[in-house]
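Read through the structure below, which is laid out as structure tokens, and then see the notes.
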Amino acid sequence: PFGSKGQRELYEFSLTLDPTALANDRTIITPQELDVTLPQFNVCLEFNGLYFHSEIFKSKRYHNEKSIEAAEAGWRLIHIWEDEWREKRAIVESIIRHRCGLSKVKTSARKCDIVQLSAQQRKEFFEANHIDGDVRASNAWGLYDISREKVVAAISVRKPMHKKWKGALEVARFATITNESIPGAVGRLHKVVEQHAQSAGFGSVMTYVDSRFGSIFAAGYEKVGFTLARQTPPRFWWTDGYN
């Protein structure tokens, strides 16, 4: 009844956050099933096996439509892919904790210094803390916690790949350190990005937000002045069933 080994592990982890967590719940978006629900936080989780959740078995809009149905019922649905749980479990668990408001450590962004990151520092931070890892960028900045001598949040920028965003600067990556909440991090780092965009002659700043983690504005971009331009169609990845 629990499906795969990974799905069972996800459910067991959820019980450490919410003892009332349920597996294989069909009461929220009946008759569809949600792999794991955490009633205390109105958060639900889907464990997506790469093979059985490919287009061989599911339509290209299946996952997005399920997220929309959950949102209409008042729940935030987080989609977790099999290889992410296998290879980046610490980051996945951190995302879930954060959505439930249970991050282990909180550090105010105001207590941190802003530092420019080298390409190597940027790569190491995002590979360790961002679900999609690092990506090439022209500049990157971090919030440096002096008391602990470590970067606790980072942002990187680049020129957009799509021509329709010509003249804009893209926020390529933003992340806080795993298992930590850094209130005000987006705001402080975005000010640096805005200043850089203005001095470098960019007309605007844009970014993408992955809505499979339970929110269109998961990182709080709307609080610093971003507006939703549009929702892109579901993206796709190639898989061999394991990667």
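A note on labels: chains of the structure tokens are A, B, ... as shown, every chain counts residues from 1, and ligands are counted from 1 in their shown order.
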| query | Near A:Arg76, within 12 Å and counting only C-alpha atoms, which residues show up once chain neighbours fewer than 3 positions away are dropped, as an MDAnalysis selection string? | reply | chainID A and resid 28 34 36:39 41:46 66:73 79 96 99:100 211:216 218
| message | List the spatial neighbours of A:Arg158 as an MDAnalysis selection string - criterion: any atom at most 9 Å away, only C-alpha atoms, same-chain residues fewer than 4 positions off excluded. | response | chainID A and resid 136:139 169:172
Keeping only N, CA, C and O atoms, take the residues you just selected and write them out as a CSV table (one decimal), in the first residue's frame.
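What ended up in result-v1.csv:
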chain,number,residue,atom,x,y,z
A,136,ARG,N,25.8,28.3,-14.6
A,136,ARG,CA,26.7,29.4,-15.0
A,136,ARG,C,26.1,30.7,-14.7
A,136,ARG,O,24.9,30.9,-15.1
A,137,ALA,N,26.8,31.7,-14.2
A,137,ALA,CA,26.3,33.0,-13.9
A,137,ALA,C,27.4,34.0,-14.1
A,137,ALA,O,28.6,33.7,-14.0
A,138,SER,N,27.0,35.3,-14.3
A,138,SER,CA,28.0,36.3,-14.5
A,138,SER,C,28.4,36.9,-13.1
A,138,SER,O,29.6,37.4,-13.0
A,139,ASN,N,27.5,36.9,-12.1
A,139,ASN,CA,27.9,37.5,-10.8
A,139,ASN,C,27.1,36.7,-9.8
A,139,ASN,O,26.0,36.2,-10.0
A,169,LEU,N,17.9,41.4,-16.7
A,169,LEU,CA,18.9,40.6,-16.0
A,169,LEU,C,18.1,39.5,-15.3
A,169,LEU,O,17.1,39.8,-14.7
A,170,GLU,N,18.6,38.3,-15.4
A,170,GLU,CA,17.9,37.1,-14.8
A,170,GLU,C,18.5,36.7,-13.4
A,170,GLU,O,19.7,36.5,-13.4
A,171,VAL,N,17.7,36.5,-12.4
A,171,VAL,CA,18.1,35.9,-11.2
A,171,VAL,C,18.2,34.4,-11.5
A,171,VAL,O,17.1,33.7,-11.8
A,172,ALA,N,19.4,33.8,-11.6
A,172,ALA,CA,19.5,32.4,-12.0
A,172,ALA,C,19.3,31.4,-10.9
A,172,ALA,O,18.7,30.4,-11.1
| request: as a ChimeraX atom specification, list the residues of stretch 46-241 of chain A assigned to strand (DSSP E or B) by DSSP on the backbone atoms of this structure. | output: /A:46-48,76-81,105-106,113-116,139-145,150-158,168-176,180-181,204-207,213
| Can you list, as a ChimeraX atom specification, every protein, DNA or RNA residue that comes within 12 Å of A:Lys166 when you count only C-alpha atoms, leaving out same-chain residues fewer than 6 positions away? | /A:158-160,201-206
Output all heavy atoms for every residue in the selection just made, as a compact mmCIF listing (two decimals), in the first residue's frame.
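As written to disk, again24.txt reads:
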# COMPACT_ATOMS: atom_id res chain seq x y z
N ARG A 158 22.49 36.30 -14.37
CA ARG A 158 23.04 36.09 -15.71
C ARG A 158 22.13 36.78 -16.73
O ARG A 158 21.03 37.23 -16.39
CB ARG A 158 23.08 34.60 -16.04
CG ARG A 158 21.71 33.93 -16.10
CD ARG A 158 21.80 32.45 -16.35
NE ARG A 158 20.48 31.82 -16.37
CZ ARG A 158 20.27 30.52 -16.50
NH1 ARG A 158 21.29 29.70 -16.63
NH2 ARG A 158 19.04 30.03 -16.50
N LYS A 159 22.58 36.84 -17.97
CA LYS A 159 21.72 37.33 -19.04
C LYS A 159 20.73 36.22 -19.38
O LYS A 159 21.12 35.04 -19.48
CB LYS A 159 22.54 37.70 -20.27
CG LYS A 159 23.37 38.96 -20.09
CD LYS A 159 24.06 39.34 -21.39
CE LYS A 159 24.85 40.63 -21.23
NZ LYS A 159 25.54 41.03 -22.49
N PRO A 160 19.44 36.53 -19.56
CA PRO A 160 18.44 35.50 -19.88
C PRO A 160 18.77 34.77 -21.17
O PRO A 160 19.31 35.36 -22.12
CB PRO A 160 17.13 36.30 -20.01
CG PRO A 160 17.38 37.56 -19.24
CD PRO A 160 18.83 37.86 -19.43
N GLY A 201 23.20 48.80 -16.78
CA GLY A 201 22.34 49.20 -17.89
C GLY A 201 21.22 48.24 -18.23
O GLY A 201 20.64 48.34 -19.32
N PHE A 202 20.87 47.35 -17.33
CA PHE A 202 19.73 46.45 -17.57
C PHE A 202 18.43 47.19 -17.26
O PHE A 202 18.35 47.97 -16.32
CB PHE A 202 19.83 45.19 -16.71
CG PHE A 202 20.96 44.28 -17.10
CD1 PHE A 202 22.17 44.34 -16.44
CD2 PHE A 202 20.79 43.37 -18.13
CE1 PHE A 202 23.22 43.49 -16.79
CE2 PHE A 202 21.83 42.51 -18.49
CZ PHE A 202 23.05 42.58 -17.83
N GLY A 203 17.38 46.92 -18.07
CA GLY A 203 16.11 47.63 -17.90
C GLY A 203 15.19 47.03 -16.87
O GLY A 203 14.29 47.70 -16.36
N SER A 204 15.40 45.76 -16.53
CA SER A 204 14.53 45.08 -15.57
C SER A 204 15.23 43.84 -15.03
O SER A 204 16.30 43.46 -15.51
CB SER A 204 13.20 44.70 -16.22
OG SER A 204 13.42 43.80 -17.31
N VAL A 205 14.61 43.24 -14.03
CA VAL A 205 15.11 41.99 -13.45
C VAL A 205 13.99 40.96 -13.52
O VAL A 205 12.84 41.26 -13.22
CB VAL A 205 15.54 42.18 -11.98
CG1 VAL A 205 16.04 40.87 -11.40
CG2 VAL A 205 16.61 43.25 -11.87
N MET A 206 14.31 39.73 -13.96
CA MET A 206 13.31 38.67 -14.05
C MET A 206 13.88 37.38 -13.47
O MET A 206 15.08 37.25 -13.26
CB MET A 206 12.85 38.46 -15.49
CG MET A 206 13.94 38.14 -16.49
SD MET A 206 14.52 36.40 -16.51
CE MET A 206 13.02 35.54 -16.92
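Excluding A:Ser181 and any residue on its chain fewer than 4 positions from it, the residues at most 8 Å away by only C-alpha atoms are His98, Ser103, Lys104, Val105, Lys106, Thr107, Thr176 and Ile177 of chain A.
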Would you save the residues from that selection as a compact mmCIF listing (two decimals), in the first residue's frame, using N, CA and C atoms?
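For reference, selection09.txt as written:
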# COMPACT_ATOMS: atom_id res chain seq x y z
N HIS A 98 11.04 23.59 5.61
CA HIS A 98 10.82 25.03 5.42
C HIS A 98 9.37 25.32 5.08
N SER A 103 12.16 24.99 9.94
CA SER A 103 13.61 25.07 9.73
C SER A 103 14.32 25.10 11.09
N LYS A 104 15.41 24.37 11.20
CA LYS A 104 16.07 24.17 12.49
C LYS A 104 16.74 25.43 13.04
N VAL A 105 17.28 26.28 12.16
CA VAL A 105 18.03 27.45 12.61
C VAL A 105 17.49 28.68 11.89
N LYS A 106 17.40 29.79 12.60
CA LYS A 106 16.99 31.06 11.99
C LYS A 106 18.06 32.11 12.26
N THR A 107 18.47 32.76 11.20
CA THR A 107 19.46 33.82 11.31
C THR A 107 18.94 35.03 10.54
N THR A 176 18.96 29.44 0.43
CA THR A 176 19.51 29.60 1.77
C THR A 176 20.19 28.28 2.13
N ILE A 177 21.01 28.32 3.14
CA ILE A 177 21.72 27.12 3.55
C ILE A 177 20.73 26.06 4.02
| Residue contacts of A:Gly133 (9 Å, only C-alpha atoms) excluding same-chain residues fewer than 4 positions away, as a ChimeraX atom specification | /A:123-129,173
Can you spit out the residues from that selection as a PDB file, in the first residue's frame, using C-alpha atoms?
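Listed below is the output, out-v4.pdb:
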ATOM      1  CA  LYS A 123      29.329  26.596  -7.340  1.00  0.00           C
ATOM      2  CA  GLU A 124      30.058  24.993  -3.971  1.00  0.00           C
ATOM      3  CA  PHE A 125      27.157  26.806  -2.271  1.00  0.00           C
ATOM      4  CA  PHE A 126      24.471  26.015  -4.841  1.00  0.00           C
ATOM      5  CA  GLU A 127      25.600  22.419  -5.376  1.00  0.00           C
ATOM      6  CA  ALA A 128      25.229  21.885  -1.626  1.00  0.00           C
ATOM      7  CA  ASN A 129      22.002  23.820  -1.085  1.00  0.00           C
ATOM      8  CA  ARG A 173      19.693  30.910  -8.532  1.00  0.00           C
TER       9      ARG A 173
END
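Taking atom CA of A:Leu10 as the reference point, atom CA of A:Ile78 is found at 11.9 Å.
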Interface rows for stretch 78-187 of chain A against stretch 226-237 of chain A: nearest pair, Å to one decimal, 12 Å, only C-alpha atoms, as JSON lines:
{"residue": "A:Trp81", "atom": "CA", "partner": "A:Trp237", "partner_atom": "CA", "distance": 11.4}
{"residue": "A:Trp165", "atom": "CA", "partner": "A:Ala229", "partner_atom": "CA", "distance": 11.4}
{"residue": "A:Val171", "atom": "CA", "partner": "A:Phe226", "partner_atom": "CA", "distance": 11.4}
{"residue": "A:Val186", "atom": "CA", "partner": "A:Phe226", "partner_atom": "CA", "distance": 11.4}
{"residue": "A:Gly187", "atom": "CA", "partner": "A:Phe226", "partner_atom": "CA", "distance": 11.2}
Quick one: write out the picked residues with C-alpha atoms as a tab-separated table (two decimals), in the first residue's frame?
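Written output follows (out-v2.tsv):
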chain	number	residue	atom	x	y	z
A	81	TRP	CA	11.39	13.03	-7.97
A	165	TRP	CA	13.80	38.97	-22.10
A	171	VAL	CA	18.15	35.86	-11.22
A	186	VAL	CA	15.66	37.75	-0.51
A	187	GLY	CA	15.21	41.45	0.23
| request: Could you check how far atom CA of A:Leu143 sits from atom CA of A:Asp113, in Å to one decimal? | output: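 Separation of atom CA of A:Leu143 and atom CA of A:Asp113: 5.6 Å.
If only C-alpha atoms are the atoms counted, then among A:Val115, A:Leu17, A:Ile146, A:Ala153 the closest residue to A:Thr178 is A:Ala153.
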| request: Would you please work out which residue, of A:Ala168, A:Ile56, A:Ile114, A:Leu50, is nearest to A:Asp240 when using only C-alpha atoms? | output: A:Leu50
| query | Hey, can you check how far atom CA of A:Val224 sits from atom CA of A:His190? | reply | 7.4 Å
If DSSP is run on the backbone, what residues of stretch 27-73 of chain A are alpha helix (DSSP H)? A reply as an mmCIF file with N, CA, C and O atoms, in the first residue's frame would be ideal.
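The resulting file, out29.cif, is reproduced below:
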data_model
loop_
_atom_site.group_PDB
_atom_site.id
_atom_site.type_symbol
_atom_site.label_atom_id
_atom_site.label_comp_id
_atom_site.auth_asym_id
_atom_site.auth_seq_id
_atom_site.Cartn_x
_atom_site.Cartn_y
_atom_site.Cartn_z
ATOM 1 N N TYR A 62 -0.256 16.145 -16.121
ATOM 2 C CA TYR A 62 -0.764 15.407 -14.949
ATOM 3 C C TYR A 62 -0.297 16.027 -13.635
ATOM 4 O O TYR A 62 -1.101 16.311 -12.743
ATOM 5 N N HIS A 63 1.002 16.258 -13.489
ATOM 6 C CA HIS A 63 1.541 16.718 -12.213
ATOM 7 C C HIS A 63 1.109 18.145 -11.892
ATOM 8 O O HIS A 63 0.764 18.462 -10.757
ATOM 9 N N ASN A 64 1.120 19.000 -12.913
ATOM 10 C CA ASN A 64 0.713 20.387 -12.703
ATOM 11 C C ASN A 64 -0.760 20.475 -12.328
ATOM 12 O O ASN A 64 -1.150 21.233 -11.427
ATOM 13 N N GLU A 65 -1.589 19.688 -12.998
ATOM 14 C CA GLU A 65 -3.019 19.719 -12.702
ATOM 15 C C GLU A 65 -3.310 19.207 -11.295
ATOM 16 O O GLU A 65 -4.203 19.693 -10.612
ATOM 17 N N LYS A 66 -2.529 18.244 -10.854
ATOM 18 C CA LYS A 66 -2.701 17.725 -9.499
ATOM 19 C C LYS A 66 -2.340 18.802 -8.472
ATOM 20 O O LYS A 66 -3.015 18.959 -7.440
ATOM 21 N N SER A 67 -1.304 19.580 -8.756
ATOM 22 C CA SER A 67 -0.910 20.679 -7.871
ATOM 23 C C SER A 67 -2.015 21.725 -7.795
ATOM 24 O O SER A 67 -2.315 22.255 -6.716
ATOM 25 N N ILE A 68 -2.620 22.028 -8.938
ATOM 26 C CA ILE A 68 -3.696 23.020 -8.979
ATOM 27 C C ILE A 68 -4.893 22.543 -8.162
ATOM 28 O O ILE A 68 -5.478 23.308 -7.390
ATOM 29 N N GLU A 69 -5.259 21.274 -8.307
ATOM 30 C CA GLU A 69 -6.390 20.725 -7.549
ATOM 31 C C GLU A 69 -6.118 20.785 -6.048
ATOM 32 O O GLU A 69 -7.008 21.117 -5.256
ATOM 33 N N ALA A 70 -4.905 20.469 -5.651
ATOM 34 C CA ALA A 70 -4.548 20.518 -4.227
ATOM 35 C C ALA A 70 -4.629 21.956 -3.712
ATOM 36 O O ALA A 70 -5.146 22.204 -2.617
ATOM 37 N N ALA A 71 -4.131 22.911 -4.510
ATOM 38 C CA ALA A 71 -4.164 24.320 -4.105
ATOM 39 C C ALA A 71 -5.591 24.807 -3.950
ATOM 40 O O ALA A 71 -5.916 25.548 -3.017
ATOM 41 N N GLU A 72 -6.472 24.384 -4.849
ATOM 42 C CA GLU A 72 -7.878 24.781 -4.764
ATOM 43 C C GLU A 72 -8.536 24.213 -3.514
ATOM 44 O O GLU A 72 -9.498 24.783 -2.996
#
